[in-house]
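Just model-v7.cif here, mmCIF, C-alpha atoms:
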data_structure
loop_
_atom_site.label_atom_id
_atom_site.label_comp_id
_atom_site.auth_asym_id
_atom_site.auth_seq_id
_atom_site.Cartn_x
_atom_site.Cartn_y
_atom_site.Cartn_z
CA MET Q 1 0.00 0.00 0.00
CA SER Q 2 1.71 3.19 -1.11
CA GLU Q 3 -1.02 5.76 -1.15
CA PRO Q 4 0.52 9.19 -0.69
CA VAL Q 5 0.52 10.65 2.80
CA LYS Q 6 0.31 14.39 3.33
CA LEU Q 7 0.53 16.23 6.59
CA ILE Q 8 -0.77 19.76 6.92
CA GLY Q 9 1.27 21.48 9.59
CA CYS Q 10 2.96 24.70 10.47
CA PHE Q 11 6.40 25.71 11.62
CA GLY Q 12 7.11 25.27 15.29
CA SER Q 13 3.98 23.49 16.41
CA PRO Q 14 4.51 20.87 19.11
CA VAL Q 15 1.38 19.00 18.05
CA VAL Q 16 2.47 18.90 14.41
CA HIS Q 17 5.76 17.48 15.69
CA ARG Q 18 3.82 14.62 17.29
CA ALA Q 19 2.30 13.65 13.96
CA GLU Q 20 5.57 14.00 12.05
CA LEU Q 21 7.51 11.93 14.54
CA ALA Q 22 4.91 9.15 14.46
CA LEU Q 23 5.21 9.00 10.65
CA ARG Q 24 9.00 8.99 10.79
CA LEU Q 25 9.18 6.34 13.51
CA LYS Q 26 6.96 4.08 11.41
CA GLY Q 27 9.05 4.81 8.32
CA VAL Q 28 6.17 6.39 6.40
CA PRO Q 29 7.17 8.88 3.70
CA TYR Q 30 5.03 12.00 3.71
CA GLU Q 31 4.72 15.42 2.17
CA LEU Q 32 4.61 18.27 4.67
CA ILE Q 33 2.36 21.17 3.70
CA THR Q 34 3.18 24.22 5.79
CA GLU Q 35 0.40 26.57 6.81
CA ASP Q 36 0.56 30.15 7.90
CA LEU Q 37 -1.94 30.10 10.77
CA ASN Q 38 -2.55 33.82 10.39
CA ASN Q 39 -3.75 33.14 6.89
CA LYS Q 40 -5.32 29.69 6.84
CA SER Q 41 -5.54 28.09 3.45
CA GLU Q 42 -8.66 26.73 1.76
CA LEU Q 43 -7.04 23.33 2.01
CA LEU Q 44 -6.86 23.46 5.81
CA LEU Q 45 -10.34 24.89 6.24
CA LYS Q 46 -11.77 22.29 3.85
CA HIS Q 47 -10.11 19.36 5.62
CA ASN Q 48 -10.60 20.48 9.20
CA PRO Q 49 -13.79 22.51 9.22
CA VAL Q 50 -14.58 21.52 12.79
CA HIS Q 51 -11.45 22.79 14.56
CA GLN Q 52 -9.55 24.60 11.76
CA LYS Q 53 -6.29 23.51 13.31
CA VAL Q 54 -3.13 21.65 12.42
CA PRO Q 55 -2.01 18.90 12.18
CA VAL Q 56 -4.25 17.29 9.57
CA LEU Q 57 -3.34 13.94 8.02
CA LEU Q 58 -4.40 13.06 4.50
CA HIS Q 59 -3.86 9.41 3.60
CA GLY Q 60 -4.61 8.77 -0.05
CA ASP Q 61 -8.12 9.88 -0.91
CA ARG Q 62 -9.53 9.42 2.55
CA PRO Q 63 -11.14 12.40 4.26
CA ALA Q 64 -8.80 14.03 6.73
CA ILE Q 65 -7.81 12.76 10.13
CA CYS Q 66 -7.47 15.53 12.70
CA GLU Q 67 -6.27 15.92 16.31
CA SER Q 68 -2.63 15.06 16.89
CA LEU Q 69 -3.08 12.11 19.24
CA VAL Q 70 -5.82 10.61 17.04
CA ILE Q 71 -3.34 10.91 14.15
CA VAL Q 72 -0.58 9.23 16.16
CA GLU Q 73 -2.81 6.25 17.06
CA TYR Q 74 -3.96 6.03 13.44
CA VAL Q 75 -0.41 6.01 12.12
CA ASP Q 76 0.46 3.33 14.67
CA GLU Q 77 -2.44 1.13 13.57
CA ALA Q 78 -2.48 1.77 9.82
CA PHE Q 79 1.20 1.27 9.06
CA ASP Q 80 3.73 -1.45 9.77
CA GLY Q 81 6.78 -0.65 11.81
CA PRO Q 82 7.66 -0.70 15.49
CA PRO Q 83 4.55 -0.27 17.67
CA LEU Q 84 4.20 3.11 19.37
CA MET Q 85 1.55 1.97 21.84
CA PRO Q 86 2.29 -0.67 24.46
CA ALA Q 87 0.64 -4.06 23.98
CA ASP Q 88 -0.98 -4.52 27.37
CA PRO Q 89 -4.48 -2.99 27.76
CA LEU Q 90 -3.71 -1.49 31.19
CA ALA Q 91 -0.48 0.05 29.90
CA ARG Q 92 -2.36 1.44 26.91
CA ALA Q 93 -4.97 2.97 29.21
CA ALA Q 94 -2.17 4.49 31.29
CA VAL Q 95 -0.39 6.17 28.37
CA ARG Q 96 -3.70 7.51 27.05
CA PHE Q 97 -4.47 8.88 30.53
CA TRP Q 98 -1.11 10.63 30.88
CA ALA Q 99 -1.28 11.99 27.34
CA SER Q 100 -4.69 13.46 28.15
CA PHE Q 101 -3.30 14.84 31.43
CA MET Q 102 -0.48 16.48 29.48
CA ASP Q 103 -2.90 18.16 27.11
CA LYS Q 104 -5.22 19.41 29.82
CA GLU Q 105 -3.96 19.95 33.36
CA CYS Q 106 -0.26 19.93 32.64
CA ARG Q 107 -0.34 22.29 29.69
CA GLU Q 108 -2.72 24.66 31.47
CA SER Q 109 -0.63 24.78 34.63
CA MET Q 110 2.54 25.38 32.62
CA TRP Q 111 0.90 28.18 30.70
CA MET Q 112 -0.29 29.89 33.85
CA ALA Q 113 3.12 29.41 35.46
CA LEU Q 114 4.84 31.07 32.54
CA TRP Q 115 2.52 33.96 31.77
CA THR Q 116 0.84 35.15 34.96
CA ASP Q 117 2.49 37.13 37.73
CA GLY Q 118 2.52 37.72 41.44
CA GLU Q 119 0.74 35.34 43.77
CA GLU Q 120 -1.16 33.68 40.98
CA GLN Q 121 2.10 32.81 39.27
CA ALA Q 122 3.64 31.46 42.45
CA GLY Q 123 0.72 29.07 42.87
CA ALA Q 124 0.82 28.10 39.21
CA ILE Q 125 4.55 27.38 39.36
CA SER Q 126 3.97 25.02 42.27
CA ALA Q 127 1.17 23.28 40.39
CA ALA Q 128 3.18 23.02 37.18
CA LYS Q 129 6.16 21.51 38.98
CA ALA Q 130 3.89 19.04 40.77
CA ASN Q 131 2.47 18.03 37.39
CA LEU Q 132 5.98 17.55 35.99
CA THR Q 133 6.69 15.27 38.94
CA LEU Q 134 3.61 13.21 38.08
CA ILE Q 135 4.71 12.89 34.45
CA GLU Q 136 8.25 12.05 35.55
CA GLY Q 137 6.81 9.24 37.66
CA GLN Q 138 5.68 7.50 34.48
CA LEU Q 139 9.23 6.93 33.25
CA PRO Q 140 9.96 3.21 33.69
CA ASP Q 141 12.87 2.55 36.07
CA GLY Q 142 16.22 2.52 34.36
CA LYS Q 143 14.75 3.20 30.93
CA MET Q 144 15.57 6.06 28.62
CA PHE Q 145 12.04 6.72 27.37
CA PHE Q 146 8.44 6.48 28.52
CA GLY Q 147 8.16 3.77 25.88
CA GLY Q 148 11.04 1.86 27.44
CA ASP Q 149 14.12 1.43 25.28
CA THR Q 150 12.47 3.14 22.34
CA ILE Q 151 10.30 6.20 21.88
CA GLY Q 152 6.63 5.46 22.36
CA PHE Q 153 3.24 7.11 22.42
CA LEU Q 154 3.73 8.88 25.73
CA ASP Q 155 7.16 10.24 24.75
CA ILE Q 156 5.50 11.68 21.68
CA ALA Q 157 2.59 13.08 23.68
CA VAL Q 158 4.76 14.90 26.23
CA SER Q 159 7.45 15.98 23.77
CA GLY Q 160 6.47 19.61 24.33
CA ILE Q 161 8.25 19.35 27.67
CA ALA Q 162 11.47 18.26 25.98
CA HIS Q 163 11.92 21.11 23.51
CA TRP Q 164 9.29 23.84 23.68
CA MET Q 165 9.27 24.22 27.45
CA GLU Q 166 12.82 25.51 27.56
CA ILE Q 167 12.15 28.10 24.88
CA PHE Q 168 9.02 29.38 26.64
CA GLU Q 169 10.99 29.43 29.89
CA GLU Q 170 13.58 31.67 28.28
CA ILE Q 171 10.98 34.09 26.93
CA ALA Q 172 9.10 34.18 30.23
CA GLY Q 173 12.16 34.26 32.47
CA VAL Q 174 10.77 31.39 34.51
CA ARG Q 175 12.37 27.97 35.15
CA LEU Q 176 10.02 25.03 35.56
CA LEU Q 177 12.06 22.00 34.53
CA THR Q 178 15.42 21.85 36.29
CA GLU Q 179 17.90 19.05 36.70
CA GLU Q 180 17.81 19.51 40.48
CA GLU Q 181 14.06 19.15 40.87
CA HIS Q 182 13.30 16.66 38.09
CA PRO Q 183 16.54 14.80 37.31
CA THR Q 184 14.98 11.86 35.45
CA LEU Q 185 12.65 14.01 33.39
CA TYR Q 186 15.48 16.41 32.64
CA ARG Q 187 17.62 13.56 31.41
CA TRP Q 188 14.71 12.23 29.33
CA ALA Q 189 14.36 15.63 27.67
CA ARG Q 190 18.02 15.58 26.66
CA GLU Q 191 17.78 12.00 25.32
CA TYR Q 192 14.61 12.80 23.43
CA THR Q 193 15.94 15.89 21.68
CA ALA Q 194 19.22 14.12 20.87
CA ASN Q 195 17.45 11.22 19.17
CA GLN Q 196 18.22 11.04 15.46
CA THR Q 197 14.64 10.55 14.27
CA VAL Q 198 13.33 13.27 16.55
CA ARG Q 199 15.90 15.73 15.27
CA GLN Q 200 14.63 15.29 11.71
CA CYS Q 201 11.33 16.95 12.66
CA LEU Q 202 12.24 19.18 15.59
CA PRO Q 203 12.08 22.90 14.79
CA ASP Q 204 15.39 24.71 15.08
CA ARG Q 205 15.72 26.21 18.55
CA GLY Q 206 16.97 29.62 17.46
CA ARG Q 207 14.31 29.97 14.79
CA LEU Q 208 11.60 28.88 17.21
CA LEU Q 209 12.72 31.36 19.83
CA ALA Q 210 12.71 34.15 17.26
CA ALA Q 211 9.24 33.14 16.09
CA LEU Q 212 7.71 32.91 19.58
CA ALA Q 213 9.37 35.74 21.48
CA PRO Q 214 7.37 38.54 19.82
CA SER Q 215 4.13 36.88 20.96
CA ARG Q 216 4.83 37.26 24.66
CA ASP Q 217 1.98 39.77 25.14
CA ILE Q 218 -0.43 37.44 23.38
CA PHE Q 219 0.61 34.59 25.69
CA VAL Q 220 -0.01 36.81 28.72
CA SER Q 221 -3.46 37.80 27.52
CA ILE Q 222 -4.35 34.15 26.83
CA ALA Q 223 -3.37 33.38 30.41
CA LYS Q 224 -5.61 36.21 31.63
CA THR Q 225 -8.55 34.77 29.71
CA MET Q 226 -7.89 31.30 31.08
CA SER Q 227 -7.73 32.75 34.56
CA ALA Q 228 -11.02 34.56 34.16
CA HIS Q 229 -12.77 31.35 33.07
CA LYS Q 230 -11.74 29.32 36.07
CA MET J 1 -29.57 -0.79 39.57
CA ALA J 2 -29.12 -3.94 41.63
CA PRO J 3 -25.57 -5.28 41.84
CA GLU J 4 -25.05 -8.29 39.59
CA LYS J 5 -22.97 -11.37 40.22
CA ASN J 6 -19.47 -10.29 39.35
CA SER J 7 -17.38 -13.00 37.74
CA SER J 8 -15.10 -10.71 35.78
CA ASP J 9 -13.79 -8.85 38.83
CA LEU J 10 -14.92 -5.46 37.59
CA VAL J 11 -15.89 -2.66 39.94
CA LEU J 12 -17.23 0.68 38.74
CA LEU J 13 -16.93 3.69 41.04
CA ASP J 14 -19.52 6.08 39.70
CA PHE J 15 -22.05 8.82 40.34
CA TRP J 16 -25.63 8.15 39.35
CA VAL J 17 -26.31 11.03 36.97
CA SER J 18 -22.82 11.38 35.53
CA PRO J 19 -22.93 11.17 31.73
CA PHE J 20 -19.29 10.06 31.84
CA GLY J 21 -20.05 7.15 34.13
CA GLN J 22 -23.04 6.29 32.00
CA ARG J 23 -20.78 5.82 28.98
CA VAL J 24 -19.00 3.08 30.88
CA ARG J 25 -22.27 1.52 32.05
CA ILE J 26 -23.49 1.48 28.45
CA ALA J 27 -20.27 -0.17 27.25
CA LEU J 28 -20.39 -2.78 30.02
CA ALA J 29 -24.02 -3.55 29.13
CA GLU J 30 -23.28 -3.74 25.40
CA LYS J 31 -20.57 -6.27 26.25
CA SER J 32 -22.73 -8.13 28.80
CA LEU J 33 -19.95 -7.80 31.33
CA PRO J 34 -21.03 -8.24 34.95
CA TYR J 35 -19.66 -5.72 37.41
CA GLU J 36 -20.17 -4.30 40.85
CA TYR J 37 -21.60 -0.79 40.76
CA VAL J 38 -20.49 1.47 43.59
CA GLU J 39 -22.23 4.81 44.07
CA GLU J 40 -19.78 7.46 45.23
CA ASP J 41 -20.81 10.40 47.33
CA LEU J 42 -19.02 13.24 45.57
CA ALA J 43 -19.29 15.36 48.70
CA GLY J 44 -17.51 12.65 50.67
CA LYS J 45 -15.33 10.66 48.31
CA SER J 46 -14.28 7.21 49.41
CA ASP J 47 -10.66 6.35 50.12
CA ARG J 48 -10.88 3.82 47.35
CA LEU J 49 -11.81 6.51 44.84
CA LEU J 50 -9.13 8.91 46.04
CA GLN J 51 -6.48 6.20 45.86
CA SER J 52 -7.64 4.91 42.48
CA ASN J 53 -7.73 8.32 40.87
CA PRO J 54 -5.32 10.47 42.88
CA VAL J 55 -4.74 12.88 40.01
CA HIS J 56 -8.34 13.89 39.32
CA LYS J 57 -10.25 12.33 42.22
CA LYS J 58 -13.17 11.90 39.83
CA THR J 59 -15.59 9.23 38.82
CA PRO J 60 -15.94 7.10 36.82
CA VAL J 61 -13.15 4.78 37.82
CA LEU J 62 -13.07 1.19 36.65
CA LEU J 63 -11.23 -1.29 38.83
CA HIS J 64 -10.27 -4.52 37.11
CA GLY J 65 -8.76 -6.98 39.52
CA GLY J 66 -8.21 -3.98 41.76
CA LYS J 67 -6.24 -2.06 39.11
CA PRO J 68 -7.73 1.35 38.26
CA VAL J 69 -8.53 2.77 34.83
CA ASN J 70 -9.61 6.43 34.69
CA GLU J 71 -11.39 8.74 32.22
CA SER J 72 -14.59 7.45 30.65
CA LEU J 73 -13.45 7.16 27.02
CA ILE J 74 -10.18 5.59 28.11
CA ILE J 75 -12.15 3.10 30.20
CA VAL J 76 -14.37 2.21 27.23
CA GLN J 77 -11.30 1.62 25.03
CA TYR J 78 -9.81 -0.46 27.82
CA LEU J 79 -12.91 -2.66 27.89
CA GLU J 80 -12.59 -3.08 24.12
CA GLU J 81 -9.01 -4.23 24.46
CA ALA J 82 -9.24 -6.26 27.67
CA PHE J 83 -12.35 -8.13 26.54
CA PRO J 84 -11.79 -8.64 22.82
CA ASP J 85 -14.31 -11.46 22.60
CA THR J 86 -17.21 -9.21 23.53
CA PRO J 87 -19.26 -7.11 21.05
CA SER J 88 -17.07 -4.21 19.98
CA LEU J 89 -17.89 -0.53 19.93
CA LEU J 90 -14.92 0.41 17.76
CA PRO J 91 -14.64 -0.97 14.22
CA ALA J 92 -11.60 -2.96 13.12
CA ASP J 93 -10.48 -0.62 10.34
CA PRO J 94 -7.86 1.93 11.53
CA TYR J 95 -9.38 4.76 9.50
CA ALA J 96 -12.89 4.20 10.90
CA ARG J 97 -11.38 3.94 14.39
CA ALA J 98 -9.60 7.26 13.93
CA GLN J 99 -12.84 8.97 12.90
CA ALA J 100 -14.66 7.43 15.87
CA ARG J 101 -11.93 8.66 18.24
CA PHE J 102 -12.07 12.13 16.69
CA TRP J 103 -15.83 12.46 17.16
CA ALA J 104 -15.86 10.98 20.64
CA ASP J 105 -13.13 13.50 21.50
CA TYR J 106 -15.27 16.27 19.99
CA VAL J 107 -18.23 15.29 22.19
CA ASP J 108 -15.88 15.13 25.16
CA LYS J 109 -14.36 18.56 24.54
CA LYS J 110 -17.57 20.37 23.80
CA VAL J 111 -20.88 19.10 25.11
CA TYR J 112 -20.66 19.00 28.91
CA ASP J 113 -18.72 22.25 29.31
CA CYS J 114 -20.99 24.17 26.97
CA GLY J 115 -24.03 22.74 28.72
CA ALA J 116 -22.60 23.75 32.10
CA ARG J 117 -22.18 27.32 30.89
CA LEU J 118 -25.87 27.28 29.94
CA TRP J 119 -26.92 26.74 33.54
CA LYS J 120 -24.08 28.59 35.27
CA LEU J 121 -24.16 31.85 33.34
CA LYS J 122 -26.65 34.59 32.56
CA GLY J 123 -26.99 37.38 30.05
CA GLU J 124 -24.50 37.67 27.22
CA PRO J 125 -22.22 34.80 28.28
CA GLN J 126 -25.24 32.48 28.48
CA ALA J 127 -26.34 33.64 25.04
CA GLN J 128 -22.89 32.75 23.74
CA ALA J 129 -23.15 29.31 25.32
CA ARG J 130 -26.54 28.88 23.68
CA ALA J 131 -25.15 29.80 20.28
CA GLU J 132 -22.28 27.39 20.80
CA MET J 133 -24.61 24.56 21.85
CA LEU J 134 -26.63 25.03 18.67
CA GLU J 135 -23.45 24.90 16.63
CA ILE J 136 -22.32 21.73 18.42
CA LEU J 137 -25.66 20.04 17.73
CA LYS J 138 -25.58 21.08 14.08
CA THR J 139 -22.02 19.84 13.69
CA LEU J 140 -22.96 16.49 15.16
CA GLU J 141 -26.06 16.43 12.96
CA THR J 142 -23.85 16.81 9.88
CA GLU J 143 -21.60 14.01 11.07
CA LEU J 144 -24.53 11.70 11.79
CA GLY J 145 -26.17 12.44 8.46
CA ASP J 146 -28.60 9.74 7.47
CA LYS J 147 -26.88 6.99 9.44
CA GLU J 148 -28.89 5.10 12.02
CA PHE J 149 -25.99 5.40 14.46
CA PHE J 150 -22.75 7.36 14.50
CA GLY J 151 -21.06 3.97 14.18
CA GLY J 152 -22.40 3.67 10.64
CA GLU J 153 -21.84 0.22 9.16
CA HIS J 154 -20.54 -0.95 12.50
CA GLY J 155 -23.87 -0.19 14.15
CA PHE J 156 -24.13 1.30 17.65
CA GLY J 157 -20.56 2.33 18.36
CA PHE J 158 -18.01 4.32 20.29
CA VAL J 159 -19.37 7.75 19.42
CA ASP J 160 -22.95 6.64 20.12
CA ALA J 161 -21.89 5.46 23.57
CA ALA J 162 -19.96 8.71 24.12
CA PHE J 163 -22.87 10.97 23.22
CA ALA J 164 -25.92 8.92 24.31
CA PRO J 165 -25.80 9.96 27.99
CA PHE J 166 -26.22 13.58 26.98
CA THR J 167 -29.60 12.82 25.43
CA SER J 168 -31.05 12.90 28.94
CA TRP J 169 -29.66 16.43 29.26
CA PHE J 170 -31.30 17.67 26.04
CA GLN J 171 -34.50 18.65 27.81
CA SER J 172 -32.52 20.73 30.30
CA TYR J 173 -30.47 22.38 27.56
CA GLU J 174 -33.71 23.14 25.73
CA LYS J 175 -35.28 24.77 28.79
CA LEU J 176 -32.16 26.78 29.64
CA GLY J 177 -31.37 27.77 26.08
CA GLU J 178 -34.94 28.14 24.84
CA PHE J 179 -34.60 26.01 21.75
CA LYS J 180 -35.75 22.62 20.58
CA VAL J 181 -33.27 19.95 19.54
CA ALA J 182 -35.92 18.62 17.14
CA GLU J 183 -35.90 21.98 15.32
CA VAL J 184 -32.17 22.72 15.46
CA ALA J 185 -30.96 19.18 14.76
CA PRO J 186 -33.85 16.88 13.82
CA LYS J 187 -31.60 13.94 12.92
CA ILE J 188 -29.93 14.15 16.31
CA ALA J 189 -33.37 14.26 17.96
CA ALA J 190 -34.40 11.13 16.03
CA TRP J 191 -31.11 9.45 16.93
CA ALA J 192 -31.72 10.32 20.58
CA ASP J 193 -35.10 8.54 20.43
CA ARG J 194 -33.52 5.50 18.81
CA VAL J 195 -30.65 5.14 21.26
CA GLY J 196 -32.99 5.84 24.15
CA LYS J 197 -34.83 2.64 23.30
CA ARG J 198 -31.65 0.59 23.21
CA GLU J 199 -31.48 -1.58 26.31
CA SER J 200 -27.93 -0.67 27.34
CA VAL J 201 -28.78 3.02 27.17
CA ALA J 202 -32.27 2.79 28.67
CA LYS J 203 -31.02 1.03 31.76
CA SER J 204 -28.06 3.37 32.24
CA LEU J 205 -29.72 6.75 31.91
CA TYR J 206 -32.02 8.63 34.26
CA SER J 207 -35.08 10.55 33.13
CA PRO J 208 -34.64 14.08 31.77
CA ASP J 209 -36.75 15.35 34.69
CA LYS J 210 -34.31 13.85 37.18
CA VAL J 211 -31.41 15.45 35.29
CA TYR J 212 -33.17 18.82 35.37
CA ASP J 213 -33.75 18.46 39.13
CA PHE J 214 -30.08 17.61 39.54
CA ILE J 215 -29.07 20.79 37.72
CA GLY J 216 -31.30 22.64 40.17
CA VAL J 217 -29.33 21.10 43.02
CA LEU J 218 -26.05 22.14 41.37
CA LYS J 219 -27.29 25.68 40.86
CA LYS J 220 -28.18 25.96 44.54
CA LYS J 221 -24.79 24.58 45.46
CA TYR J 222 -23.05 27.19 43.31
CA GLY J 223 -25.39 29.93 44.47
CA ILE J 224 -26.88 30.54 41.06
CA GLU J 225 -30.32 31.80 40.23
#

Encoded form (structure tokens):
Amino acid sequence: MSEPVKLIGCFGSPVVHRAELALRLKGVPYELITEDLNNKSELLLKHNPVHQKVPVLLHGDRPAICESLVIVEYVDEAFDGPPLMPADPLARAAVRFWASFMDKECRESMWMALWTDGEEQAGAISAAKANLTLIEGQLPDGKMFFGGDTIGFLDIAVSGIAHWMEIFEEIAGVRLLTEEEHPTLYRWAREYTANQTVRQCLPDRGRLLAALAPSRDIFVSIAKTMSAHK
Amino acid sequence: MAPEKNSSDLVLLDFWVSPFGQRVRIALAEKSLPYEYVEEDLAGKSDRLLQSNPVHKKTPVLLHGGKPVNESLIIVQYLEEAFPDTPSLLPADPYARAQARFWADYVDKKVYDCGARLWKLKGEPQAQARAEMLEILKTLETELGDKEFFGGEHGFGFVDAAFAPFTSWFQSYEKLGEFKVAEVAPKIAAWADRVGKRESVAKSLYSPDKVYDFIGVLKKKYGIE
């Protein structure tokens, strides 16, 4: 089966990275179509009318598959290659749980920790660090990755912590992930970003920093909105 | 909901009116899996619940041989994978599975929170929630199309189980938002009637009146009126 695979993405997105890495780990060739999210193309709006977001996977003539983690599970199931999900049902439930935790509580707490100030920020920093500890607890003893000896679904799901976190920390002037407080997670982040396959689809650090830094005010106002809705 | 003889060592920690718990009850019924149902008092959560779900401290929690599984859609997928010889809610084809996961995720992200804003808020924010609820229903209507179930060829499936519990909330949404599901999304209204008659759903859901009363209790608790 060699139907063409296309991935609609954009530069610097941690969720697009998830989809790209899944494809690369399974050895699936794909064409990357880069979107400018300030000027969304007809293609993107046609294929993801519901959320209008990237990534979007197009496999042959099939209608699009959207939502990064749905894409990752699809790629795992539809293509041959090393499995990304564990085999055992309980282990599968666990990685899905922690991936969902990453996308909800963890991401929210990190955002508030980075972009609020004063007392609110102090509380958010505590919460974010506690969440990092919970994620860190999922690393199997003596193993390099959440997936064990190789990168798996949960590594992919929490990859934002490995690369994007540090860049946001620099822009915000806040440290969340330190070697002292989270030694195993810190080491995981280094292993992850050094991995050969990961590096093929990881946005360049300098370019990412330059792209994100000007949006600091936007990040702060997003945090304000999130705060107001609590 | 009398406890049944439990030969598969399944325990469900749940809360009677929770649409999330009901998804799991529906899945268990579809698979004819016996289990022990445990009603949690959300005002006084049991140690077992707090230990089984220390991160969220929420129901539903499925215990299988004492091992916890959390998050309703994750639990349903777990049941699929741990009991592969039972009737399945997800199809075998990876593409169809991906679409089912996408739409179940959509229901998860949108319906409950938007509905909650309908009863929690007033004025302009409530009007926005109303508009959003109509859009959600219309989006789901488009996805359902002329299919009998969201599961399509597969029959009653993952997305049906994910969304069915909210059918008992439709009446409340209608009262709060002053609209009729049958007018806004007639196919969804017809689907709601169909799934409501399905045994697994009928025995898992409570009446719309009970749900509406429950919202009244929540409103009092949050000091809203």

Identify, on the basis of all atoms listed in the file, every residue whose closest approach to region 180-186 of chain J does not exceed 12 Å; exclude the query and any residue fewer than 6 positions from it along the same chain; express the result as a PyMOL selection string. chain J and resi 130-131+133-146+167-174+192-193

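CA of Leu209 (chain Q) to CA of Met110 (chain Q) spans 17.4 Å [interatomic distance, one decimal].
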
Applying 9 Å and all atoms listed in the file, which residues near region 176-186 of chain Q remain after dropping the ones on its own chain fewer than 4 positions away? List them as an MDAnalysis selection string. chainID Q and resid 110 113:114 125 128:129 132:133 135:137 139 144 161:162 165:166 169 190:191

I'd like the contact shell of region 61-76 of chain Q - 9 Å cut-off, all atoms listed in the file, skipping same-chain residues fewer than 2 positions apart - returned as a PyMOL selection string. (chain Q and resi 3-4+15-23+26+28+47-48+51+53-59+78-85+99+153+156-157) or (chain J and resi 94-95+97-99+101-102+105)

Let's have the selection written as a CSV table (one decimal), keeping the file's coordinate frame, with C-alpha atoms.
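Once everything was written out, this is part36.csv:
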chain,number,residue,atom,x,y,z
Q,3,GLU,CA,-1.0,5.8,-1.2
Q,4,PRO,CA,0.5,9.2,-0.7
Q,15,VAL,CA,1.4,19.0,18.0
Q,16,VAL,CA,2.5,18.9,14.4
Q,17,HIS,CA,5.8,17.5,15.7
Q,18,ARG,CA,3.8,14.6,17.3
Q,19,ALA,CA,2.3,13.6,14.0
Q,20,GLU,CA,5.6,14.0,12.0
Q,21,LEU,CA,7.5,11.9,14.5
Q,22,ALA,CA,4.9,9.2,14.5
Q,23,LEU,CA,5.2,9.0,10.6
Q,26,LYS,CA,7.0,4.1,11.4
Q,28,VAL,CA,6.2,6.4,6.4
Q,47,HIS,CA,-10.1,19.4,5.6
Q,48,ASN,CA,-10.6,20.5,9.2
Q,51,HIS,CA,-11.4,22.8,14.6
Q,53,LYS,CA,-6.3,23.5,13.3
Q,54,VAL,CA,-3.1,21.6,12.4
Q,55,PRO,CA,-2.0,18.9,12.2
Q,56,VAL,CA,-4.2,17.3,9.6
Q,57,LEU,CA,-3.3,13.9,8.0
Q,58,LEU,CA,-4.4,13.1,4.5
Q,59,HIS,CA,-3.9,9.4,3.6
Q,78,ALA,CA,-2.5,1.8,9.8
Q,79,PHE,CA,1.2,1.3,9.1
Q,80,ASP,CA,3.7,-1.4,9.8
Q,81,GLY,CA,6.8,-0.6,11.8
Q,82,PRO,CA,7.7,-0.7,15.5
Q,83,PRO,CA,4.6,-0.3,17.7
Q,84,LEU,CA,4.2,3.1,19.4
Q,85,MET,CA,1.6,2.0,21.8
Q,99,ALA,CA,-1.3,12.0,27.3
Q,153,PHE,CA,3.2,7.1,22.4
Q,156,ILE,CA,5.5,11.7,21.7
Q,157,ALA,CA,2.6,13.1,23.7
J,94,PRO,CA,-7.9,1.9,11.5
J,95,TYR,CA,-9.4,4.8,9.5
J,97,ARG,CA,-11.4,3.9,14.4
J,98,ALA,CA,-9.6,7.3,13.9
J,99,GLN,CA,-12.8,9.0,12.9
J,101,ARG,CA,-11.9,8.7,18.2
J,102,PHE,CA,-12.1,12.1,16.7
J,105,ASP,CA,-13.1,13.5,21.5

Run the PyMOL selection byres ((chain J and resi 176) around 12) on the file and write out the hits as a VMD selection string. chain J and resid 114 to 123 126 to 127 129 to 130 133 169 to 175 177 to 180 212 215 to 216 225

Sorted by chain and rising residue number, which residues of chain J lie within 10 Å of chain Q, and what are their closest atom pairs and distances in Å to one decimal, counting all atoms listed in the file, as CSV?
residue,atom,partner,partner_atom,distance
J:Val55,CA,Q:Leu134,CA,8.6
J:His56,CA,Q:Phe101,CA,9.4
J:His64,CA,Q:Leu90,CA,9.3
J:Lys67,CA,Q:Leu90,CA,8.3
J:Pro68,CA,Q:Leu90,CA,8.6
J:Val69,CA,Q:Ala93,CA,6.7
J:Asn70,CA,Q:Phe97,CA,7.1
J:Glu71,CA,Q:Phe97,CA,7.1
J:Leu73,CA,Q:Ala93,CA,9.7
J:Ile74,CA,Q:Ala93,CA,5.9
J:Ile75,CA,Q:Ala93,CA,7.2
J:Val76,CA,Q:Ala93,CA,9.6
J:Gln77,CA,Q:Ala93,CA,7.7
J:Tyr78,CA,Q:Pro89,CA,5.9
J:Leu79,CA,Q:Pro89,CA,8.4
J:Glu80,CA,Q:Pro89,CA,8.9
J:Glu81,CA,Q:Pro89,CA,5.7
J:Ala82,CA,Q:Pro89,CA,5.8
J:Phe83,CA,Q:Pro89,CA,9.5
J:Asp93,CA,Q:Ala78,CA,8.4
J:Pro94,CA,Q:Ala78,CA,5.6
J:Tyr95,CA,Q:Tyr74,CA,6.8
J:Ala96,CA,Q:Tyr74,CA,9.5
J:Arg97,CA,Q:Tyr74,CA,7.8
J:Ala98,CA,Q:Tyr74,CA,5.8
J:Gln99,CA,Q:Ile65,CA,6.9
J:Ala100,CA,Q:Val70,CA,9.5
J:Arg101,CA,Q:Val70,CA,6.5
J:Phe102,CA,Q:Val70,CA,6.4
J:Trp103,CA,Q:Cys66,CA,10.0
J:Asp105,CA,Q:Glu67,CA,8.9
J:Tyr106,CA,Q:Val50,CA,8.9
J:Ile136,CA,Q:Val50,CA,9.6
J:Thr139,CA,Q:Val50,CA,7.7
